[in-house]
file upload00.cif (mmCIF, C-alpha atoms and all ligand atoms)
data_query
loop_
_atom_site.label_atom_id
_atom_site.label_comp_id
_atom_site.auth_asym_id
_atom_site.auth_seq_id
_atom_site.Cartn_x
_atom_site.Cartn_y
_atom_site.Cartn_z
CA MET N 1 16.70 4.70 -21.42
CA ASN N 2 15.82 7.07 -18.60
CA ASN N 3 13.90 4.98 -16.11
CA GLN N 4 15.52 5.66 -12.74
CA MET N 5 14.87 8.87 -10.82
CA PRO N 6 18.11 10.32 -9.40
CA SER N 7 17.99 10.16 -5.62
CA THR N 8 17.36 13.51 -3.93
CA ASN N 9 16.12 11.94 -0.72
CA ASP N 10 18.68 11.61 2.05
CA ARG N 11 16.29 10.05 4.57
CA PRO N 12 17.34 6.62 5.87
CA THR N 13 16.12 3.48 4.16
CA LEU N 14 13.38 1.70 6.12
CA ILE N 15 12.43 -1.09 3.71
CA SER N 16 14.72 -2.83 1.31
CA VAL N 17 13.49 -5.36 -1.25
CA SER N 18 16.15 -7.23 -3.22
CA ASP N 19 15.70 -9.54 -6.20
CA LEU N 20 12.23 -10.59 -5.11
CA THR N 21 10.49 -13.24 -7.22
CA LEU N 22 6.78 -13.81 -6.69
CA ALA N 23 4.96 -16.82 -8.07
CA PHE N 24 1.78 -18.85 -7.73
CA GLY N 25 2.81 -22.46 -8.29
CA SER N 26 4.85 -22.56 -11.48
CA ARG N 27 3.51 -19.19 -12.66
CA VAL N 28 5.97 -16.38 -12.04
CA ILE N 29 4.17 -13.05 -11.57
CA GLN N 30 7.22 -10.81 -11.02
CA HIS N 31 10.91 -11.62 -10.82
CA ASP N 32 14.04 -9.85 -9.56
CA VAL N 33 12.18 -6.86 -8.17
CA SER N 34 14.40 -4.56 -6.11
CA PHE N 35 13.66 -1.22 -4.47
CA GLU N 36 14.13 0.77 -1.30
CA VAL N 37 11.55 2.73 0.65
CA LYS N 38 12.83 5.71 2.62
CA ARG N 39 11.51 6.38 6.09
CA GLY N 40 8.63 8.86 6.04
CA SER N 41 8.03 8.58 2.31
CA ILE N 42 4.90 7.66 0.36
CA PHE N 43 5.94 4.94 -2.06
CA ALA N 44 3.68 4.04 -4.98
CA VAL N 45 3.49 0.58 -6.58
CA MET N 46 2.33 1.26 -10.14
CA GLY N 47 1.65 -0.73 -13.28
CA GLY N 48 -1.12 -2.00 -15.52
CA SER N 49 -3.91 -4.27 -14.40
CA GLY N 50 -2.75 -7.77 -13.46
CA CYS N 51 0.98 -6.98 -13.36
CA GLY N 52 1.29 -8.06 -9.72
CA LYS N 53 0.94 -4.93 -7.59
CA SER N 54 -1.39 -6.53 -5.04
CA THR N 55 0.72 -9.70 -5.09
CA LEU N 56 3.78 -7.63 -4.15
CA LEU N 57 1.82 -5.97 -1.38
CA LYS N 58 0.65 -9.37 -0.14
CA SER N 59 4.22 -10.58 0.16
CA MET N 60 5.16 -7.38 2.01
CA ILE N 61 2.45 -7.86 4.64
CA GLY N 62 3.17 -11.54 5.14
CA LEU N 63 0.39 -13.20 3.14
CA LEU N 64 2.58 -14.66 0.37
CA ARG N 65 6.08 -16.06 0.78
CA PRO N 66 8.26 -14.95 -2.13
CA ARG N 67 9.89 -17.61 -4.27
CA GLN N 68 13.24 -15.83 -3.97
CA GLY N 69 14.87 -12.66 -2.75
CA THR N 70 15.05 -10.72 0.48
CA TYR N 71 12.70 -8.30 2.17
CA MET N 72 14.26 -6.26 4.95
CA VAL N 73 12.20 -4.17 7.37
CA GLY N 74 14.74 -2.07 9.22
CA LYS N 75 17.38 -4.60 10.28
CA ASP N 76 14.97 -7.55 10.17
CA ASN N 77 14.95 -10.03 7.33
CA TYR N 78 11.19 -10.59 7.19
CA TRP N 79 10.94 -13.97 5.47
CA SER N 80 14.06 -15.59 6.93
CA GLY N 81 12.69 -15.69 10.48
CA ASP N 82 10.00 -17.88 12.05
CA ASP N 83 6.28 -17.11 12.36
CA GLN N 84 6.84 -15.46 15.73
CA SER N 85 9.41 -13.02 14.34
CA ARG N 86 7.08 -12.19 11.43
CA ILE N 87 4.25 -11.49 13.87
CA GLN N 88 6.62 -9.24 15.78
CA ILE N 89 7.64 -7.31 12.65
CA GLY N 90 3.99 -7.27 11.52
CA ARG N 91 3.11 -5.31 14.67
CA ARG N 92 4.73 -2.37 12.87
CA PHE N 93 2.29 -2.71 9.96
CA GLY N 94 -1.10 -1.15 9.40
CA VAL N 95 -3.08 -2.33 6.39
CA LEU N 96 -6.01 -0.72 4.61
CA PHE N 97 -7.66 -3.07 2.14
CA GLN N 98 -9.75 -1.90 -0.84
CA SER N 99 -13.11 -2.37 0.84
CA GLY N 100 -12.02 -1.05 4.22
CA ALA N 101 -12.55 -4.69 5.38
CA LEU N 102 -14.52 -3.85 8.51
CA TRP N 103 -16.41 -6.49 10.49
CA SER N 104 -20.05 -5.88 9.62
CA SER N 105 -21.37 -7.18 12.93
CA MET N 106 -19.35 -4.63 14.93
CA THR N 107 -19.73 -0.90 15.24
CA VAL N 108 -17.01 1.39 13.91
CA GLY N 109 -15.70 1.87 17.45
CA GLU N 110 -15.62 -1.88 18.10
CA ASN N 111 -13.78 -2.43 14.81
CA VAL N 112 -11.07 0.05 15.77
CA ALA N 113 -10.86 -1.38 19.29
CA LEU N 114 -10.45 -4.97 18.13
CA PRO N 115 -6.68 -4.94 17.38
CA MET N 116 -6.04 -3.24 20.75
CA GLN N 117 -8.10 -5.90 22.54
CA MET N 118 -6.29 -8.67 20.69
CA PHE N 119 -2.72 -7.45 20.90
CA THR N 120 -2.43 -5.23 23.98
CA SER N 121 -3.30 -5.47 27.66
CA LEU N 122 -4.82 -2.00 27.76
CA THR N 123 -7.91 -1.55 29.94
CA PRO N 124 -11.33 -0.91 28.32
CA PRO N 125 -11.43 2.79 29.35
CA VAL N 126 -7.96 3.40 27.85
CA ILE N 127 -8.96 1.55 24.70
CA ARG N 128 -12.10 3.68 24.46
CA GLN N 129 -10.00 6.86 24.72
CA LEU N 130 -7.59 5.64 22.06
CA VAL N 131 -10.45 4.61 19.76
CA GLU N 132 -11.89 8.12 20.07
CA LEU N 133 -8.45 9.58 19.31
CA LYS N 134 -7.98 7.43 16.17
CA LEU N 135 -11.49 8.15 14.91
CA GLY N 136 -10.95 11.84 15.58
CA LEU N 137 -7.79 11.75 13.47
CA VAL N 138 -9.74 10.51 10.44
CA GLY N 139 -12.78 12.72 11.12
CA MET N 140 -15.05 9.81 12.03
CA LEU N 141 -15.68 10.26 15.75
CA HIS N 142 -19.35 11.00 15.08
CA ALA N 143 -19.76 7.48 13.60
CA ILE N 144 -18.28 5.59 16.55
CA ASP N 145 -21.54 3.74 17.29
CA GLN N 146 -22.60 3.16 13.70
CA TYR N 147 -22.35 -0.11 11.80
CA PRO N 148 -20.35 -0.34 8.53
CA SER N 149 -23.56 -0.90 6.55
CA GLU N 150 -24.75 2.55 7.64
CA LEU N 151 -21.65 4.29 6.19
CA SER N 152 -20.82 5.64 2.75
CA GLY N 153 -17.83 4.18 0.85
CA GLY N 154 -15.61 7.11 1.83
CA MET N 155 -16.60 6.84 5.49
CA ARG N 156 -15.86 3.11 5.43
CA LYS N 157 -12.40 3.82 4.05
CA ARG N 158 -11.75 6.35 6.80
CA ALA N 159 -12.98 3.92 9.44
CA GLY N 160 -10.69 1.27 7.89
CA LEU N 161 -7.86 3.77 8.13
CA ALA N 162 -8.61 4.37 11.83
CA ARG N 163 -8.41 0.62 12.39
CA ALA N 164 -5.18 0.40 10.36
CA ILE N 165 -3.55 2.95 12.70
CA SER N 166 -5.07 1.38 15.81
CA LEU N 167 -1.75 -0.06 17.03
CA ASP N 168 0.34 2.98 16.03
CA PRO N 169 2.10 1.31 13.10
CA ASP N 170 5.05 3.08 11.56
CA ILE N 171 4.49 1.39 8.18
CA LEU N 172 1.15 1.60 6.40
CA PHE N 173 0.08 -0.43 3.37
CA PHE N 174 -2.83 0.81 1.26
CA ASP N 175 -4.36 -1.26 -1.55
CA GLU N 176 -6.35 0.98 -3.89
CA PRO N 177 -7.52 3.34 -1.14
CA SER N 178 -9.50 5.57 -3.52
CA ALA N 179 -11.18 2.77 -5.50
CA GLY N 180 -14.89 3.47 -5.79
CA LEU N 181 -14.72 6.97 -4.32
CA ASP N 182 -15.86 10.15 -6.04
CA PRO N 183 -13.09 12.67 -6.86
CA ILE N 184 -13.83 14.96 -3.91
CA THR N 185 -13.92 12.14 -1.36
CA SER N 186 -10.82 10.70 -2.95
CA ALA N 187 -9.00 14.07 -2.64
CA ARG N 188 -9.99 14.22 1.05
CA LEU N 189 -8.56 10.75 1.56
CA ASP N 190 -5.32 11.90 -0.11
CA ASP N 191 -5.05 14.77 2.36
CA LEU N 192 -5.71 12.38 5.19
CA ILE N 193 -2.92 10.09 3.97
CA LEU N 194 -0.54 13.07 3.79
CA ASN N 195 -1.56 14.07 7.32
CA LEU N 196 -0.83 10.56 8.57
CA ARG N 197 2.60 10.65 6.98
CA ASP N 198 3.37 14.10 8.38
CA GLY N 199 1.55 13.78 11.71
CA LEU N 200 2.46 10.22 12.65
CA GLY N 201 5.74 10.08 10.74
CA ALA N 202 4.46 6.92 9.05
CA THR N 203 6.03 5.36 5.97
CA ILE N 204 3.37 4.49 3.42
CA ILE N 205 3.35 1.96 0.59
CA ILE N 206 0.40 2.43 -1.71
CA VAL N 207 -1.02 0.49 -4.66
CA SER N 208 -3.24 2.68 -6.78
CA HIS N 209 -4.49 3.28 -10.30
CA GLU N 210 -5.54 6.83 -9.49
CA LEU N 211 -2.86 8.87 -11.20
CA SER N 212 -4.12 12.24 -9.96
CA SER N 213 -3.93 10.94 -6.42
CA LEU N 214 -0.47 9.45 -6.95
CA PHE N 215 0.87 12.68 -8.49
CA HIS N 216 -0.43 14.52 -5.43
CA ILE N 217 0.84 12.31 -2.64
CA ALA N 218 3.59 9.88 -3.67
CA ASP N 219 7.23 10.91 -3.53
CA ASP N 220 8.77 7.71 -4.85
CA GLY N 221 7.70 4.50 -6.50
CA ILE N 222 8.19 1.56 -8.77
CA PHE N 223 6.57 0.60 -12.07
CA LEU N 224 5.91 -3.11 -12.65
CA ASP N 225 5.45 -4.49 -16.15
CA ALA N 226 3.25 -7.54 -16.75
CA GLY N 227 5.03 -8.36 -20.04
CA GLN N 228 8.60 -8.37 -18.77
CA LYS N 229 7.36 -9.49 -15.33
CA THR N 230 9.68 -7.16 -13.50
CA ALA N 231 10.15 -3.54 -12.45
CA VAL N 232 10.94 -1.41 -15.49
CA ALA N 233 11.18 2.02 -13.83
CA HIS N 234 11.80 3.61 -10.44
CA GLY N 235 10.82 7.10 -9.35
CA SER N 236 8.04 9.31 -8.12
CA PRO N 237 4.88 9.33 -10.26
CA THR N 238 5.54 12.93 -11.36
CA TRP N 239 9.14 12.12 -12.25
CA LEU N 240 8.05 9.07 -14.24
CA ARG N 241 5.41 11.18 -16.01
CA ASP N 242 7.84 13.94 -16.89
CA HIS N 243 11.13 12.12 -17.49
CA CYS N 244 10.76 8.38 -17.98
CA THR N 245 11.40 7.37 -21.59
CA ASP N 246 10.21 3.77 -21.35
CA PRO N 247 7.28 3.72 -23.82
CA LEU N 248 5.01 1.63 -21.61
CA VAL N 249 5.59 3.81 -18.55
CA HIS N 250 5.22 6.97 -20.61
CA ALA N 251 1.92 5.77 -22.07
CA PHE N 252 0.60 4.71 -18.66
CA MET N 253 1.55 7.94 -16.93
CA HIS N 254 0.01 9.99 -19.75
CA ARG N 255 -3.02 7.69 -20.09
CA GLU N 256 -2.24 6.92 -23.72
CA GLN N 257 -3.16 3.78 -25.65
CA LEU N 258 -0.18 1.65 -26.61
CA ASP N 259 0.06 -0.06 -29.98
CA THR N 260 -1.23 -3.61 -29.29
CA SER N 261 1.84 -5.05 -31.01
CA SER N 262 4.00 -3.59 -28.22
CA PRO N 263 6.22 -6.22 -26.61
CA HIS N 264 5.31 -4.65 -23.25
CA GLU N 265 1.61 -5.17 -23.62
CA ASN N 266 0.02 -6.89 -20.63
CA GLY N 267 -0.69 -10.54 -21.27
N1 LIG Q 1 -4.11 -16.55 -5.41
C1 LIG Q 1 -3.72 -16.54 -6.69
N2 LIG Q 1 -3.47 -17.68 -7.35
C2 LIG Q 1 -3.07 -17.67 -8.65
N3 LIG Q 1 -2.87 -16.54 -9.38
C3 LIG Q 1 -3.13 -15.38 -8.76
C4 LIG Q 1 -3.56 -15.31 -7.39
N4 LIG Q 1 -3.71 -13.99 -7.05
C5 LIG Q 1 -3.40 -13.29 -8.16
N5 LIG Q 1 -3.05 -14.10 -9.18
C6 LIG Q 1 -2.61 -13.70 -10.52
O1 LIG Q 1 -1.46 -12.90 -10.37
C7 LIG Q 1 -1.45 -11.85 -11.33
C8 LIG Q 1 -1.24 -10.53 -10.63
O2 LIG Q 1 -2.40 -10.25 -9.85
P1 LIG Q 1 -2.48 -8.95 -8.94
O3 LIG Q 1 -3.82 -8.94 -8.31
O4 LIG Q 1 -1.29 -8.91 -8.04
O5 LIG Q 1 -2.35 -7.81 -10.02
P2 LIG Q 1 -2.57 -6.24 -9.86
O6 LIG Q 1 -1.46 -5.58 -10.56
O7 LIG Q 1 -2.77 -5.91 -8.43
O8 LIG Q 1 -3.93 -6.08 -10.67
P3 LIG Q 1 -5.10 -4.98 -10.58
O9 LIG Q 1 -4.46 -3.66 -10.86
O10 LIG Q 1 -6.03 -5.39 -11.67
O11 LIG Q 1 -5.70 -5.09 -9.20
C9 LIG Q 1 -2.78 -11.95 -12.08
O12 LIG Q 1 -2.56 -12.59 -13.31
C10 LIG Q 1 -3.64 -12.81 -11.19
O13 LIG Q 1 -4.55 -13.57 -11.94
#
call {"tool": "encode", "arguments": {"input": "upload00.cif", "output": "structure tokens", "more": "lines below"}}
Ligand SMILES: Nc1ncnc2c1ncn2[C@@H]1O[C@H](COP(=O)(O)OP(=O)(O)OP(=O)(O)O)[C@@H](O)[C@H]1O
result
Amino acid sequence: MNNQMPSTNDRPTLISVSDLTLAFGSRVIQHDVSFEVKRGSIFAVMGGSGCGKSTLLKSMIGLLRPRQGTYMVGKDNYWSGDDQSRIQIGRRFGVLFQSGALWSSMTVGENVALPMQMFTSLTPPVIRQLVELKLGLVGMLHAIDQYPSELSGGMRKRAGLARAISLDPDILFFDEPSAGLDPITSARLDDLILNLRDGLGATIIIVSHELSSLFHIADDGIFLDAGQKTAVAHGSPTWLRDHCTDPLVHAFMHREQLDTSSPHENG
């Protein structure tokens, strides 16, 4: 079965996940998941609803300790250290949640400033300058004094993105960034994500159902299966669409219905 894209990427590995098992209590969600993320790449976590994409992302940002396996960020073994070392490694992370997850009682500018106020000793005027810079990068400087409730969904995502890059992370995690956006706004967000990768040199791990977006931006990825509870294919979304022979992956990437008697069907 052809389910592994040949490597054409000679960039160094930044993240290495080996034999990861994720569970809630006695319920295993995914087991023995292994993959590498190259520096400067956009890596897609794909799979049907409920297979464990967000759960994997949670364990990669420190919200869920895996049952087994290792998760290396550069030379650091993320889960083997203490809380302090995880906080230190987490300083490299920027996270954009589905909703944008802004504080509703703060303006956009205050939201973006918050991580700088919490984690740096920068002075208020320097923070203000940096906030303007970050909002400028995502095309949201005009909304610096607005509250999240005054923004459209796409604007909220962009403001969330500005906050995610507030501390200059080199690794960005996006959970369904285009959920709820119209196709044009979603395409703009894709371009913004590409700009962040190219402009900031960030490495991006993205969970998304939006195939058109994934075909456009992601250069590598993994496909998780809810039935087998593990990764069944590795490669960029376009490679998986064009070359992967696993029936489940093929159906998903071509938006086809699978026969419900399929052993791969999500449970
Ligand atoms: N806190 C939790 N406690 C128990 N089970 C959970 C918890 N969070 C998620 N799950 C279960 O883990 C499984 C994977 O959920 P997850 O949200 O990771 O899937 P997903 O692939 O991201 O789904 P979707 O594409 O629909 O967002 C689901 O069956 C879900 O019910």
call {"tool": "residues_near_point", "arguments": {"input": "upload00.cif", "point": "(1.1, 2.6, -11.4)", "cutoff": "12 Å", "atoms": "all atoms listed in the file", "output": "PyMOL selection string"}}
result
chain N and resi 43-54+175-176+206-215+218+220-226+231-238+240-241+248-255
call {"tool": "closest_residue", "arguments": {"input": "upload00.cif", "among": "N:Leu181, N:Leu14, N:Leu20, N:Val112", "to": "Pro148 (chain N)", "atoms": "all atoms listed in the file"}}
result
N:Val112
call {"tool": "residues_around", "arguments": {"input": "upload00.cif", "residues": "Met116 (chain N)", "least_positions_apart": "5", "cutoff": "7 Å", "atoms": "only C-alpha atoms", "output": "list in words"}}
result
Ile127, Ser166 and Leu167 of chain N
call {"tool": "residues_around", "arguments": {"input": "upload00.cif", "residues": "region 149-162 of chain N", "least_positions_apart": "2", "cutoff": "8 Å", "atoms": "only C-alpha atoms", "output": "list in words"}}
result
Val95, Leu96, Phe97, Gln98, Ser99, Gly100, Ala101, Leu102, Ser104, Val108, Val112, Lys134, Leu135, Leu137, Val138, Gly139, Met140, Gln146, Tyr147, Ala164, Ile165, Ser166, Pro177, Gly180, Leu181, Thr185, Ser186 and Leu189 of chain N
call {"tool": "closest_residue", "arguments": {"input": "upload00.cif", "among": "N:Ala23, N:Cys244, N:Leu130, N:Ile15", "to": "ligand LIG 1 (chain Q)", "atoms": "all atoms listed in the file"}}
result
N:Ala23
call {"tool": "closest_residue", "arguments": {"input": "upload00.cif", "among": "N:Ser34, N:Thr21, N:Ser7, N:Thr55", "to": "ligand LIG 1 (chain Q)", "atoms": "all atoms listed in the file"}}
result
N:Thr55
call {"tool": "closest_residue", "arguments": {"input": "upload00.cif", "among": "N:Ile42, N:Val131, N:Ile87, N:Leu141", "to": "Asp198 (chain N)", "atoms": "all atoms listed in the file"}}
result
N:Ile42
call {"tool": "axis_aligned_box", "arguments": {"input": "upload00.cif", "around": "region 132-150 of chain N", "padding_each_side": "3 Å", "output": "AutoDock Vina command-line options"}}
result
--center_x -16.3 --center_y 5.9 --center_z 13.3 --size_x 23.0 --size_y 19.6 --size_z 19.5
call {"tool": "residues_around", "arguments": {"input": "upload00.cif", "residues": "Arg92 (chain N)", "least_positions_apart": "2", "cutoff": "12 Å", "atoms": "all atoms listed in the file", "output": "list in words"}}
result
Leu14, Met60, Ile61, Val73, Gly74, Asp76, Tyr78, Ser85, Arg86, Ile87, Gln88, Ile89, Gly90, Gly94, Val95, Ala164, Ile165, Ser166, Leu167, Asp168, Pro169, Asp170, Ile171, Leu172, Phe173, Ala202, Thr203 and Ile204 of chain N
call {"tool": "closest_residue", "arguments": {"input": "upload00.cif", "among": "N:His142, N:Lys229, N:Arg67, N:Arg11", "to": "ligand LIG 1 (chain Q)", "atoms": "all atoms listed in the file"}}
result
N:Lys229
call {"tool": "atom_distance", "arguments": {"input": "upload00.cif", "atom1": "atom N3 of ligand LIG 1 (chain Q)", "atom2": "CA of Ala179 (chain N)"}}
result
21.4 Å
call {"tool": "closest_residue", "arguments": {"input": "upload00.cif", "among": "N:Gln129, N:Thr230, N:Gln117, N:Thr123", "to": "ligand LIG 1 (chain Q)", "atoms": "all atoms listed in the file"}}
result
N:Thr230
call {"tool": "atom_distance", "arguments": {"input": "upload00.cif", "atom1": "CA of Thr107 (chain N)", "atom2": "CA of Asp145 (chain N)"}}
result
5.4 Å
call {"tool": "atom_distance", "arguments": {"input": "upload00.cif", "atom1": "CA of Met72 (chain N)", "atom2": "CA of Val17 (chain N)"}}
result
6.3 Å
